[in-house]
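Structure file data35.txt with compact mmCIF, C-alpha atoms and all ligand atoms:
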# COMPACT_ATOMS: atom_id res chain seq x y z
CA MET A 1 2.29 -44.70 35.95
CA THR A 2 -1.12 -44.22 37.49
CA LYS A 3 -3.73 -43.69 34.89
CA THR A 4 -5.18 -40.31 34.11
CA ILE A 5 -8.66 -39.64 35.43
CA GLU A 6 -11.22 -37.75 33.38
CA LEU A 7 -13.11 -35.09 35.26
CA ASN A 8 -16.38 -33.83 33.81
CA VAL A 9 -16.66 -30.09 34.11
CA ASN A 10 -20.00 -28.56 34.98
CA PRO A 11 -21.32 -26.47 32.07
CA ASP A 12 -21.17 -23.31 34.21
CA PHE A 13 -17.42 -23.66 34.52
CA ILE A 14 -16.46 -24.56 30.96
CA GLY A 15 -16.02 -20.90 30.06
CA HIS A 16 -13.69 -20.44 33.02
CA TYR A 17 -11.32 -23.12 31.79
CA LYS A 18 -11.53 -21.86 28.22
CA ASN A 19 -10.33 -18.57 29.71
CA LYS A 20 -7.44 -20.36 31.42
CA TYR A 21 -8.71 -20.41 34.99
CA PRO A 22 -6.10 -22.49 36.86
CA LEU A 23 -7.93 -23.88 39.90
CA ILE A 24 -9.79 -27.18 39.84
CA ASN A 25 -12.69 -25.97 41.88
CA LYS A 26 -14.85 -28.42 43.84
CA ASP A 27 -18.01 -26.97 42.34
CA ALA A 28 -16.62 -27.24 38.83
CA ILE A 29 -16.42 -31.01 38.78
CA LYS A 30 -19.34 -33.42 38.36
CA ASN A 31 -17.53 -36.59 39.36
CA PRO A 32 -15.13 -35.77 42.21
CA GLY A 33 -15.89 -39.24 43.62
CA ASP A 34 -13.70 -40.73 40.87
CA LEU A 35 -10.63 -39.20 42.51
CA SER A 36 -8.68 -41.30 44.96
CA ALA A 37 -4.89 -40.95 45.00
CA GLU A 38 -3.50 -37.43 45.31
CA GLY A 39 -0.97 -36.62 42.65
CA THR A 40 -3.02 -38.40 39.99
CA LEU A 41 -3.05 -36.53 36.69
CA VAL A 42 -6.50 -35.46 35.59
CA HIS A 43 -8.03 -34.30 32.33
CA LEU A 44 -10.86 -31.80 32.51
CA ILE A 45 -13.38 -32.46 29.75
CA ASP A 46 -16.66 -30.92 28.67
CA GLN A 47 -19.97 -32.75 28.19
CA ASN A 48 -18.86 -33.86 24.73
CA SER A 49 -15.60 -35.25 26.08
CA ASN A 50 -13.61 -32.42 24.54
CA PHE A 51 -10.34 -31.68 26.27
CA LEU A 52 -10.28 -28.49 28.35
CA ALA A 53 -7.23 -28.77 30.57
CA LYS A 54 -4.79 -31.09 32.28
CA GLY A 55 -3.75 -30.94 35.91
CA TYR A 56 -3.22 -32.86 39.13
CA TYR A 57 -5.40 -33.93 42.01
CA GLY A 58 -4.24 -32.41 45.28
CA LYS A 59 -6.67 -31.32 47.96
CA GLN A 60 -6.16 -27.83 49.31
CA ASN A 61 -8.49 -25.51 51.15
CA LYS A 62 -8.85 -23.79 47.79
CA GLY A 63 -9.95 -26.74 45.69
CA LEU A 64 -9.28 -30.20 44.31
CA GLY A 65 -6.07 -29.39 42.52
CA TRP A 66 -4.56 -27.23 39.83
CA VAL A 67 -4.46 -27.08 36.08
CA LEU A 68 -0.93 -27.52 34.78
CA THR A 69 -1.52 -27.00 31.07
CA PHE A 70 -4.26 -26.15 28.62
CA ASN A 71 -2.32 -27.90 25.90
CA GLU A 72 -3.46 -31.50 25.37
CA GLY A 73 -0.13 -32.59 23.92
CA GLU A 74 2.03 -31.30 26.76
CA LYS A 75 3.49 -33.99 29.00
CA ILE A 76 3.75 -33.50 32.76
CA ASP A 77 7.25 -34.78 33.30
CA THR A 78 10.59 -33.53 34.59
CA VAL A 79 10.99 -31.44 31.42
CA PHE A 80 7.71 -29.71 32.26
CA PHE A 81 8.81 -28.87 35.81
CA LYS A 82 12.19 -27.76 34.57
CA SER A 83 10.78 -25.39 32.01
CA LYS A 84 8.38 -23.82 34.51
CA ILE A 85 11.05 -23.36 37.16
CA LEU A 86 13.66 -22.02 34.71
CA THR A 87 11.17 -19.55 33.28
CA ALA A 88 10.35 -18.40 36.82
CA ILE A 89 14.02 -17.98 37.70
CA ASN A 90 14.63 -15.96 34.54
CA LYS A 91 11.92 -13.55 35.59
CA ARG A 92 13.79 -12.95 38.88
CA GLN A 93 17.13 -11.96 37.35
CA SER A 94 16.98 -8.48 38.87
CA PHE A 95 16.68 -10.05 42.33
CA TYR A 96 19.68 -12.32 41.76
CA LYS A 97 21.72 -9.30 40.71
CA ASP A 98 20.72 -7.12 43.64
CA LYS A 99 23.46 -7.50 46.24
CA ASN A 100 21.35 -5.74 48.87
CA THR A 101 18.56 -8.32 48.74
CA THR A 102 19.41 -11.97 49.27
CA ALA A 103 15.98 -13.46 49.99
CA PHE A 104 13.14 -13.62 47.50
CA ARG A 105 10.58 -15.95 46.03
CA ILE A 106 11.71 -17.77 42.91
CA PHE A 107 8.52 -19.72 42.26
CA ASN A 108 5.03 -18.59 43.18
CA GLY A 109 2.51 -21.38 42.62
CA GLU A 110 -0.08 -20.83 39.91
CA GLY A 111 1.50 -17.45 39.21
CA ASP A 112 4.41 -19.39 37.76
CA GLY A 113 2.32 -22.18 36.30
CA ILE A 114 2.22 -24.80 39.07
CA GLY A 115 -0.39 -24.22 41.76
CA GLY A 116 0.33 -25.58 45.23
CA LEU A 117 4.11 -25.13 45.01
CA THR A 118 6.23 -22.20 46.09
CA ILE A 119 10.01 -21.96 46.31
CA ASP A 120 11.82 -19.23 48.21
CA TYR A 121 15.51 -18.48 48.03
CA PHE A 122 17.29 -17.44 51.24
CA GLU A 123 20.94 -16.69 50.58
CA GLY A 124 21.93 -20.02 49.10
CA TYR A 125 19.15 -22.05 50.69
CA TYR A 126 15.93 -23.14 49.01
CA LEU A 127 12.70 -23.41 50.94
CA ILE A 128 9.94 -25.36 49.21
CA ASN A 129 6.34 -25.08 50.36
CA TRP A 130 4.11 -27.99 49.37
CA TYR A 131 0.44 -27.14 49.73
CA SER A 132 -1.01 -30.60 49.14
CA GLU A 133 -0.10 -34.21 49.18
CA GLY A 134 -0.76 -34.19 45.46
CA ILE A 135 1.95 -31.69 44.63
CA TYR A 136 4.25 -33.38 47.13
CA SER A 137 4.10 -36.50 44.97
CA PHE A 138 6.12 -34.56 42.36
CA LYS A 139 8.88 -33.87 44.88
CA GLU A 140 11.56 -35.90 43.11
CA LYS A 141 11.09 -33.97 39.89
CA VAL A 142 11.28 -30.59 41.61
CA ILE A 143 14.39 -31.56 43.56
CA GLN A 144 16.00 -32.88 40.40
CA VAL A 145 15.49 -29.52 38.74
CA LEU A 146 17.00 -27.65 41.70
CA ASP A 147 19.94 -30.07 41.66
CA GLU A 148 20.52 -29.39 37.98
CA LEU A 149 20.54 -25.66 38.62
CA GLY A 150 23.69 -26.23 40.61
CA ASP A 151 25.15 -24.59 43.65
CA TYR A 152 23.04 -24.37 46.75
CA LYS A 153 23.73 -24.88 50.42
CA ALA A 154 20.65 -26.93 51.28
CA ILE A 155 17.01 -27.52 50.50
CA TYR A 156 14.37 -27.26 53.22
CA GLU A 157 10.65 -27.84 52.89
CA LYS A 158 7.37 -27.11 54.63
CA LYS A 159 4.53 -29.54 54.19
CA ARG A 160 1.38 -27.52 54.49
CA PHE A 161 -1.09 -30.23 53.80
CA ASP A 162 -2.88 -31.58 56.78
CA THR A 163 -6.68 -31.41 56.46
CA LYS A 164 -6.84 -27.66 56.95
CA GLY A 165 -3.82 -26.75 54.88
CA GLN A 166 -1.89 -26.34 58.10
CA TYR A 167 1.80 -26.92 58.42
CA ILE A 168 2.90 -30.41 59.42
CA ASP A 169 5.66 -30.21 61.98
CA ASP A 170 8.53 -32.16 60.63
CA ASP A 171 12.28 -32.08 60.30
CA ASP A 172 12.00 -29.88 57.18
CA PHE A 173 15.50 -30.72 55.97
CA VAL A 174 15.61 -32.27 52.51
CA LYS A 175 19.21 -32.36 51.33
CA GLY A 176 22.51 -30.53 51.14
CA GLU A 177 24.44 -29.35 54.15
CA ARG A 178 22.31 -28.59 57.20
CA GLY A 179 22.35 -24.88 57.92
CA GLU A 180 23.23 -23.18 61.16
CA PHE A 181 20.29 -21.01 61.97
CA PRO A 182 19.62 -18.24 62.07
CA ILE A 183 21.07 -17.27 58.75
CA ILE A 184 21.14 -13.52 58.26
CA ILE A 185 19.57 -12.48 54.99
CA LYS A 186 19.63 -9.02 53.47
CA GLU A 187 16.67 -7.07 52.24
CA ASN A 188 17.36 -3.69 50.68
CA GLY A 189 20.39 -3.53 52.92
CA MET A 190 18.48 -4.38 56.11
CA SER A 191 19.34 -7.62 57.93
CA TYR A 192 16.89 -10.26 59.07
CA ALA A 193 17.46 -13.46 61.02
CA VAL A 194 15.82 -16.44 59.33
CA TYR A 195 15.22 -19.98 60.61
CA LEU A 196 14.30 -22.60 58.02
CA ASN A 197 14.08 -25.41 60.56
CA ASP A 198 11.80 -23.99 63.21
CA GLY A 199 8.14 -24.41 62.39
CA ALA A 200 5.83 -22.98 59.78
CA MET A 201 7.10 -19.40 59.82
CA VAL A 202 10.74 -18.52 59.16
CA GLY A 203 10.98 -15.08 60.76
CA ILE A 204 10.10 -12.85 57.85
CA PHE A 205 7.28 -12.55 55.33
CA LEU A 206 8.98 -11.81 52.04
CA ASP A 207 5.81 -10.45 50.47
CA GLN A 208 5.98 -7.29 52.62
CA ARG A 209 9.41 -6.28 51.29
CA ASP A 210 8.21 -3.18 49.43
CA VAL A 211 6.15 -2.05 52.39
CA ARG A 212 9.10 -2.37 54.76
CA GLN A 213 11.16 -0.33 52.34
CA ALA A 214 8.46 2.36 52.13
CA ILE A 215 8.14 2.55 55.92
CA ARG A 216 11.86 2.92 56.21
CA ASN A 217 12.30 5.53 53.49
CA GLN A 218 9.13 7.56 53.66
CA TYR A 219 7.17 7.21 56.85
CA ALA A 220 9.40 6.59 59.84
CA LYS A 221 11.78 9.49 60.26
CA GLY A 222 11.37 11.14 63.65
CA LYS A 223 8.11 9.29 64.29
CA HIS A 224 6.77 7.09 67.03
CA VAL A 225 5.71 3.94 65.24
CA LEU A 226 3.32 1.35 66.67
CA ASN A 227 3.63 -2.07 65.03
CA THR A 228 0.66 -4.30 65.87
CA PHE A 229 0.61 -8.07 65.26
CA SER A 230 4.33 -7.51 65.03
CA TYR A 231 5.60 -11.16 64.93
CA THR A 232 9.42 -10.77 64.78
CA GLY A 233 9.17 -7.00 64.47
CA ALA A 234 10.27 -6.78 60.84
CA PHE A 235 8.34 -3.53 60.29
CA SER A 236 9.75 -2.10 63.53
CA VAL A 237 13.29 -2.78 62.35
CA ALA A 238 12.58 -1.01 59.06
CA ALA A 239 11.07 1.95 60.91
CA SER A 240 13.99 2.16 63.29
CA LEU A 241 16.54 2.04 60.47
CA GLY A 242 14.50 4.77 58.81
CA GLY A 243 15.11 7.03 61.77
CA ALA A 244 11.99 6.47 63.87
CA ALA A 245 12.17 8.26 67.22
CA LYS A 246 10.88 5.04 68.77
CA THR A 247 9.06 1.86 67.87
CA THR A 248 6.52 -0.11 69.87
CA SER A 249 5.91 -3.71 68.81
CA VAL A 250 2.90 -5.63 70.11
CA ASP A 251 2.26 -9.32 69.64
CA LEU A 252 0.46 -11.93 71.65
CA ALA A 253 2.99 -14.72 71.11
CA LYS A 254 5.52 -15.01 73.90
CA ARG A 255 8.36 -15.83 71.58
CA SER A 256 7.79 -12.68 69.57
CA LYS A 257 9.77 -10.78 72.20
CA SER A 258 13.05 -12.66 71.87
CA LYS A 259 12.57 -12.85 68.10
CA THR A 260 12.12 -9.10 67.91
CA ILE A 261 15.14 -8.46 70.12
CA GLU A 262 17.11 -10.64 67.73
CA GLN A 263 15.96 -8.74 64.62
CA PHE A 264 16.90 -5.41 66.20
CA SER A 265 20.23 -6.79 67.34
CA VAL A 266 21.30 -8.15 63.96
CA ASN A 267 20.80 -4.61 62.66
CA GLY A 268 22.87 -3.04 65.41
CA ILE A 269 19.85 -1.35 66.97
CA ASP A 270 19.71 -1.10 70.76
CA PHE A 271 16.51 -3.00 71.53
CA GLU A 272 16.35 -1.49 74.98
CA GLN A 273 15.48 1.84 73.39
CA GLN A 274 12.43 0.19 71.78
CA ASP A 275 9.23 -1.10 73.35
CA ILE A 276 8.52 -4.77 72.73
CA ILE A 277 5.28 -5.84 74.33
CA VAL A 278 3.74 -9.30 74.59
CA MET A 279 0.05 -8.53 74.77
CA ASP A 280 -3.23 -9.00 72.97
CA VAL A 281 -3.43 -6.08 70.53
CA PHE A 282 -7.00 -5.37 71.54
CA ASP A 283 -5.97 -5.06 75.18
CA TYR A 284 -3.09 -2.86 74.13
CA PHE A 285 -5.47 -0.47 72.36
CA LYS A 286 -7.44 -0.12 75.61
CA TYR A 287 -4.29 0.35 77.63
CA ALA A 288 -2.90 2.98 75.24
CA LYS A 289 -6.17 4.87 75.24
CA ARG A 290 -6.35 4.88 79.01
CA LYS A 291 -2.77 6.12 79.23
CA GLU A 292 -3.48 8.66 76.48
CA LEU A 293 -0.60 7.37 74.39
CA LYS A 294 -0.46 8.67 70.83
CA PHE A 295 1.39 7.34 67.79
CA ASP A 296 2.39 9.01 64.53
CA VAL A 297 2.40 5.82 62.50
CA VAL A 298 0.46 2.61 63.21
CA VAL A 299 1.05 -0.60 61.26
CA LEU A 300 -1.92 -2.98 61.18
CA ASP A 301 -1.09 -6.40 59.78
CA PRO A 302 -3.39 -8.92 61.46
CA PRO A 303 -3.69 -12.56 60.45
CA SER A 304 -6.87 -13.31 58.48
CA PHE A 305 -8.28 -14.94 61.58
CA ALA A 306 -7.05 -14.48 65.10
CA ARG A 307 -8.39 -16.11 68.18
CA SER A 308 -7.18 -15.14 71.61
CA LYS A 309 -8.70 -15.82 75.01
CA LYS A 310 -10.99 -12.83 74.83
CA HIS A 311 -11.38 -11.99 71.17
CA THR A 312 -12.13 -13.53 67.87
CA PHE A 313 -10.98 -11.34 65.05
CA SER A 314 -11.63 -11.85 61.39
CA THR A 315 -10.32 -9.36 58.84
CA SER A 316 -13.42 -9.79 56.71
CA LYS A 317 -15.67 -8.77 59.62
CA ASN A 318 -13.69 -6.70 62.08
CA TYR A 319 -11.29 -4.52 60.09
CA PRO A 320 -13.41 -1.36 60.55
CA GLU A 321 -13.16 -1.85 64.33
CA LEU A 322 -9.40 -2.18 64.07
CA ILE A 323 -9.28 1.17 62.26
CA LYS A 324 -11.52 2.72 64.93
CA ASP A 325 -9.32 1.44 67.76
CA THR A 326 -6.32 2.87 65.93
CA LEU A 327 -7.87 6.28 65.36
CA ALA A 328 -8.34 6.65 69.10
CA ILE A 329 -4.56 6.64 69.59
CA LEU A 330 -3.39 8.27 66.35
CA GLU A 331 -1.69 11.65 66.35
CA LYS A 332 -2.81 14.57 64.23
CA ASP A 333 -1.82 13.91 60.59
CA GLY A 334 -1.01 10.36 61.68
CA ILE A 335 -0.44 7.52 59.23
CA ILE A 336 -2.05 4.09 59.25
CA VAL A 337 -0.40 1.29 57.29
CA ALA A 338 -3.41 -1.00 56.83
CA SER A 339 -2.55 -4.46 55.55
CA THR A 340 -4.33 -7.75 55.00
CA ASN A 341 -3.44 -11.01 53.33
CA ASN A 342 -7.01 -12.27 53.27
CA ALA A 343 -7.64 -13.66 49.78
CA SER A 344 -11.40 -13.81 50.21
CA PHE A 345 -11.91 -10.14 49.35
CA GLY A 346 -10.27 -7.66 47.02
CA MET A 347 -8.84 -4.15 47.25
CA LYS A 348 -12.19 -2.47 46.71
CA LYS A 349 -13.77 -4.16 49.69
CA PHE A 350 -10.69 -3.61 51.82
CA LYS A 351 -10.87 0.12 51.13
CA LYS A 352 -14.52 0.02 52.16
CA PHE A 353 -13.54 -1.48 55.51
CA ILE A 354 -11.03 1.30 56.02
CA ASP A 355 -13.53 3.92 54.94
CA GLN A 356 -16.11 2.48 57.32
CA GLY A 357 -13.75 2.78 60.27
CA PHE A 358 -12.97 6.43 59.52
CA LYS A 359 -16.62 7.28 58.86
CA ASP A 360 -17.76 5.74 62.12
CA MET A 361 -15.26 7.94 63.94
CA LYS A 362 -16.17 10.96 61.78
CA VAL A 363 -12.53 11.39 60.83
CA LYS A 364 -11.35 12.41 57.38
CA TYR A 365 -8.44 10.76 55.61
CA ARG A 366 -6.60 10.54 52.36
CA ILE A 367 -5.03 7.53 50.70
CA VAL A 368 -1.33 8.15 50.35
CA GLU A 369 -0.10 4.95 48.73
CA GLU A 370 -1.12 1.38 47.93
CA PHE A 371 0.79 -1.86 47.66
CA SER A 372 0.05 -5.35 46.44
CA LEU A 373 2.39 -8.31 46.03
CA PRO A 374 5.99 -7.54 45.02
CA ALA A 375 7.35 -8.58 41.63
CA ASP A 376 8.77 -11.92 42.79
CA PHE A 377 5.29 -12.99 43.93
CA GLN A 378 4.06 -13.47 40.35
CA VAL A 379 0.32 -13.74 40.00
CA ASP A 380 -1.81 -15.51 37.42
CA ARG A 381 -3.99 -12.83 35.90
CA ASN A 382 -6.77 -15.38 35.50
CA PHE A 383 -6.80 -16.06 39.23
CA ASN A 384 -7.46 -12.93 41.25
CA GLN A 385 -7.44 -14.73 44.59
CA GLY A 386 -3.73 -15.30 44.13
CA ASN A 387 -3.23 -11.55 44.39
CA TYR A 388 -3.98 -11.68 48.11
CA LEU A 389 -1.86 -8.92 49.63
CA LYS A 390 -3.47 -5.52 50.05
CA VAL A 391 -1.75 -2.65 51.80
CA VAL A 392 -3.22 0.84 51.95
CA ILE A 393 -1.34 3.70 53.56
CA VAL A 394 -3.73 6.39 54.74
CA GLN A 395 -3.25 9.69 56.49
CA LYS A 396 -5.64 11.26 58.92
CA VAL A 397 -6.69 14.69 57.72
CA ASN A 398 -7.68 17.15 60.40
N1 LIG B 401 3.17 -8.14 60.69
C1 LIG B 401 4.07 -9.27 60.80
C2 LIG B 401 3.37 -10.58 60.54
C3 LIG B 401 2.20 -10.85 61.40
S1 LIG B 401 1.84 -12.54 61.56
C4 LIG B 401 5.23 -9.13 59.86
O1 LIG B 401 5.15 -8.38 58.90
O2 LIG B 401 6.25 -9.78 60.06
C5 LIG B 401 0.53 -12.47 62.68
C6 LIG B 401 0.95 -12.26 64.11
O3 LIG B 401 -0.21 -11.86 64.83
C7 LIG B 401 1.48 -13.49 64.81
O4 LIG B 401 2.78 -13.23 65.29
C8 LIG B 401 0.52 -13.71 65.98
O5 LIG B 401 1.16 -14.10 67.18
C9 LIG B 401 -0.09 -12.35 66.15
N2 LIG B 401 -1.42 -12.27 66.76
C10 LIG B 401 -2.53 -12.97 66.46
N3 LIG B 401 -3.57 -12.55 67.20
C11 LIG B 401 -3.11 -11.54 67.98
C12 LIG B 401 -3.70 -10.69 68.96
N4 LIG B 401 -5.00 -10.80 69.28
N5 LIG B 401 -2.94 -9.77 69.56
C13 LIG B 401 -1.62 -9.66 69.25
N6 LIG B 401 -1.01 -10.43 68.33
C14 LIG B 401 -1.74 -11.36 67.71

In structure tokens, how does this file's structure come out?
Ligand code: SAH
Amino acid sequence: MTKTIELNVNPDFIGHYKNKYPLINKDAIKNPGDLSAEGTLVHLIDQNSNFLAKGYYGKQNKGLGWVLTFNEGEKIDTVFFKSKILTAINKRQSFYKDKNTTAFRIFNGEGDGIGGLTIDYFEGYYLINWYSEGIYSFKEKVIQVLDELGDYKAIYEKKRFDTKGQYIDDDDFVKGERGEFPIIIKENGMSYAVYLNDGAMVGIFLDQRDVRQAIRNQYAKGKHVLNTFSYTGAFSVAASLGGAAKTTSVDLAKRSKSKTIEQFSVNGIDFEQQDIIVMDVFDYFKYAKRKELKFDVVVLDPPSFARSKKHTFSTSKNYPELIKDTLAILEKDGIIVASTNNASFGMKKFKKFIDQGFKDMKVKYRIVEEFSLPADFQVDRNFNQGNYLKVVIVQKVN
């Protein structure tokens, strides 16, 4: 066993840890230089050497590691991992029972008590995301727990811990029987093709499940839906199944086209009746304006940062402009599904961005509905940043 390292907490942060703040923040620690091997267990102590919390060292963009317990006597061993994972699984019983949804998150990092680790379930397969080398050092324990849980087809993993928290391209297979991908998962009765062995992204973002369901059931019928930053077209599929007159999907990535065709096809939708366009969204806005195209529903789900040849887009700076571009091609009474997964600002600020866009165009709107993370993406109420997803559905009022 490597020995535990004591980390001295800056006085400003002691209150945070007394209030069960889970992140070991860079600024919170006086002696980060004492840390060397990731995965080392650390004790956070105050200036009088009183125990505050126990955690592990694992460098992430967010910080130096995560608190695992505020209880000095609690051991960080297989029993610890088992109890956290079992508790998390118990909270997802309604998902296990739902025959129409076969893909969901069973463990959500600090929201389930272990920061830096997520586990998704895809119809018999587990996908583990390791967000630091530190948490990766506990791999054996986590796998042991999954093994004890019994039946699964295979375990895959994504190592997201190069210097920038980026995905490390690797084989991704851990154990079990290698899958034949795509596997077709179900979500509220819709089908989605998923690849666990093909890079950082698997084909669907599970955290948007409730939004896809809303688009399908409430917003799509008879409408022309524009899906921007469409990736594999998951929102377009939902809209189409909800009776959209037509969908238009726009993404810059070349492979988004074949991926979107595949998602339509596994749902029995004729993709040739849909528009799937490989183009920079910002160019598409110009094109659509020039051609006087109008849409009833526009989905905006940009990455937090996007860099293309001509544009740099950051949600925290440019969201109002995205709204303005959208308003130029939005039908009367049109709907905007405005989404962001940027953790650096909250719902209040996001609504300000939306408001700014409408105000600049002198257009009135009303907020119809709001979404945050779905129930399987448990959040730690002492860590707001973990509640990253913000979706606001607004309607233009004429
Ligand atoms: N909305 C999608 C997820 C979007 S992921 C879903 O729910 O499944 C972000 C996508 O934005 C990626 O597929 C990426 O290729 C695309 N993207 C990034 N910058 C872009 C740009 N300037 N124009 C069009 N697409 C862009």

Can you build me a table of chain A residues sitting at most 8 Å from ligand LIG 401 (chain B), with the closest atom pair per residue and its distance in Å to one decimal, using only C-alpha atoms and all ligand atoms, sorted by chain and residue number, as CSV?
residue,atom,partner,partner_atom,distance
A:Gly203,CA,B:LIG401,O2,7.1
A:Ile204,CA,B:LIG401,O2,5.4
A:Phe205,CA,B:LIG401,O2,5.6
A:Gln208,CA,B:LIG401,O1,6.4
A:Asn227,CA,B:LIG401,N1,7.5
A:Thr228,CA,B:LIG401,C13,6.7
A:Phe229,CA,B:LIG401,O3,3.9
A:Ser230,CA,B:LIG401,N1,4.5
A:Tyr231,CA,B:LIG401,O4,3.5
A:Thr232,CA,B:LIG401,O2,5.8
A:Gly233,CA,B:LIG401,O2,6.0
A:Ala234,CA,B:LIG401,O2,5.1
A:Phe235,CA,B:LIG401,O1,6.0
A:Val250,CA,B:LIG401,C13,6.1
A:Asp251,CA,B:LIG401,N6,3.7
A:Leu252,CA,B:LIG401,C13,3.9
A:Ala253,CA,B:LIG401,O5,4.4
A:Ser256,CA,B:LIG401,O4,6.6
A:Val278,CA,B:LIG401,C13,7.6
A:Met279,CA,B:LIG401,C13,5.9
A:Asp280,CA,B:LIG401,N5,3.5
A:Val281,CA,B:LIG401,N5,3.8
A:Phe282,CA,B:LIG401,N4,6.2
A:Asp283,CA,B:LIG401,N5,7.9
A:Val299,CA,B:LIG401,N1,7.9
A:Leu300,CA,B:LIG401,N1,7.3
A:Asp301,CA,B:LIG401,N1,4.7
A:Pro302,CA,B:LIG401,C5,5.4
A:Pro303,CA,B:LIG401,C5,4.8
A:Phe305,CA,B:LIG401,N3,7.7
A:Ala306,CA,B:LIG401,N3,4.5
A:Arg307,CA,B:LIG401,N3,6.1
A:Ser308,CA,B:LIG401,N4,5.4
A:His311,CA,B:LIG401,N4,6.8
A:Thr312,CA,B:LIG401,N4,7.8
A:Phe313,CA,B:LIG401,N4,7.3

Self-check item: Of the listed residues A:Ser83, A:Thr118, A:Gln395, A:Thr101, that which approaches Val145 in chain A most closely, counting all atoms listed in the file
Solution: A:Ser83

Self-check item: Pick from A:Phe81, A:Phe353, A:Phe264, A:Tyr131, whichever lies nearest to Asp162 in chain A using only C-alpha atoms
Solution: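 Between A:Phe81, A:Phe353, A:Phe264, A:Tyr131, the residue approaching Asp162 in chain A most closely is A:Tyr131.
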
Practice problem: Go through A:Ser137, A:Asn61, A:Asn398, A:Thr69 and flag the residue nearest Gly113 in chain A, using only C-alpha atoms for the distances. | Solution: A:Thr69

Exercise. Pick out the residues sitting within 9 Å of Tyr219 in chain A, and hand them over as a PyMOL selection string; count only C-alpha atoms, and ignore anything fewer than 4 positions along from it in its own chain.
Key: chain A and resi 214-215+223+239+242+244+297+335

Self-check item: Option closest in space to Gly58 in chain A, from A:Tyr21, A:Tyr192, A:Phe70, A:Phe161 [counting all atoms listed in the file]
Solution: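 Checking each candidate against Gly58 in chain A, we get A:Phe161 as the closest.
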
Practice problem: List every protein, DNA or RNA residue that has at least one atom no more than 7 Å from (7.3, 9.4, 71.0) in the file's coordinates, counting only C-alpha atoms, and write the result as a ChimeraX atom specification. | Solution: /A:223-224,245-246

Quiz prompt | Minimum-distance residue to Asn387 in chain A, chosen among A:Trp130, A:Asn341, A:Tyr365, A:Ile45 (using only C-alpha atoms) | solution =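 Among the listed residues, the smallest separation from Asn387 in chain A belongs to A:Asn341.
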
Who sits within 12 Å of range 138-140 of chain A, all atoms listed in the file, same chain under 5 positions skipped, as a PDB file with C-alpha atoms, in the coordinates of the input:
ATOM      1  CA  GLU A  38      -3.500 -37.430  45.310  1.00  0.00           C
ATOM      2  CA  GLY A  39      -0.970 -36.620  42.650  1.00  0.00           C
ATOM      3  CA  THR A  40      -3.020 -38.400  39.990  1.00  0.00           C
ATOM      4  CA  LEU A  41      -3.050 -36.530  36.690  1.00  0.00           C
ATOM      5  CA  TYR A  56      -3.220 -32.860  39.130  1.00  0.00           C
ATOM      6  CA  TYR A  57      -5.400 -33.930  42.010  1.00  0.00           C
ATOM      7  CA  GLY A  58      -4.240 -32.410  45.280  1.00  0.00           C
ATOM      8  CA  ILE A  76       3.750 -33.500  32.760  1.00  0.00           C
ATOM      9  CA  ASP A  77       7.250 -34.780  33.300  1.00  0.00           C
ATOM     10  CA  THR A  78      10.590 -33.530  34.590  1.00  0.00           C
ATOM     11  CA  PHE A  80       7.710 -29.710  32.260  1.00  0.00           C
ATOM     12  CA  PHE A  81       8.810 -28.870  35.810  1.00  0.00           C
ATOM     13  CA  LYS A  82      12.190 -27.760  34.570  1.00  0.00           C
ATOM     14  CA  ILE A 114       2.220 -24.800  39.070  1.00  0.00           C
ATOM     15  CA  GLY A 116       0.330 -25.580  45.230  1.00  0.00           C
ATOM     16  CA  LEU A 117       4.110 -25.130  45.010  1.00  0.00           C
ATOM     17  CA  ILE A 128       9.940 -25.360  49.210  1.00  0.00           C
ATOM     18  CA  ASN A 129       6.340 -25.080  50.360  1.00  0.00           C
ATOM     19  CA  TRP A 130       4.110 -27.990  49.370  1.00  0.00           C
ATOM     20  CA  TYR A 131       0.440 -27.140  49.730  1.00  0.00           C
ATOM     21  CA  SER A 132      -1.010 -30.600  49.140  1.00  0.00           C
ATOM     22  CA  GLU A 133      -0.100 -34.210  49.180  1.00  0.00           C
ATOM     23  CA  VAL A 145      15.490 -29.520  38.740  1.00  0.00           C
ATOM     24  CA  LEU A 146      17.000 -27.650  41.700  1.00  0.00           C
ATOM     25  CA  ASP A 147      19.940 -30.070  41.660  1.00  0.00           C
ATOM     26  CA  ILE A 155      17.010 -27.520  50.500  1.00  0.00           C
ATOM     27  CA  TYR A 156      14.370 -27.260  53.220  1.00  0.00           C
ATOM     28  CA  GLU A 157      10.650 -27.840  52.890  1.00  0.00           C
ATOM     29  CA  LYS A 158       7.370 -27.110  54.630  1.00  0.00           C
ATOM     30  CA  LYS A 159       4.530 -29.540  54.190  1.00  0.00           C
ATOM     31  CA  VAL A 174      15.610 -32.270  52.510  1.00  0.00           C
ATOM     32  CA  LYS A 175      19.210 -32.360  51.330  1.00  0.00           C
TER      33      LYS A 175
END

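Of the residues listed (A:Lys289, A:Val9, A:Val79, A:Phe358), A:Val79 shows the shortest atom-to-atom separation from Glu148 in chain A; distances use all atoms listed in the file.
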
Using only C-alpha atoms, what does the table of range 109-188 of chain A residues within 12 Å of range 92-97 of chain A look like, with each row giving the shortest atom pair and its distance in Å to one decimal, sorted by chain and ascending number, as CSV?
residue,atom,partner,partner_atom,distance
A:Asp112,CA,A:Arg92,CA,11.4
A:Asp120,CA,A:Arg92,CA,11.4
A:Tyr121,CA,A:Tyr96,CA,9.7
A:Phe122,CA,A:Tyr96,CA,11.0
A:Glu123,CA,A:Tyr96,CA,9.9
A:Gly124,CA,A:Tyr96,CA,10.9
A:Lys186,CA,A:Phe95,CA,11.6
A:Glu187,CA,A:Phe95,CA,10.3
A:Asn188,CA,A:Phe95,CA,10.5
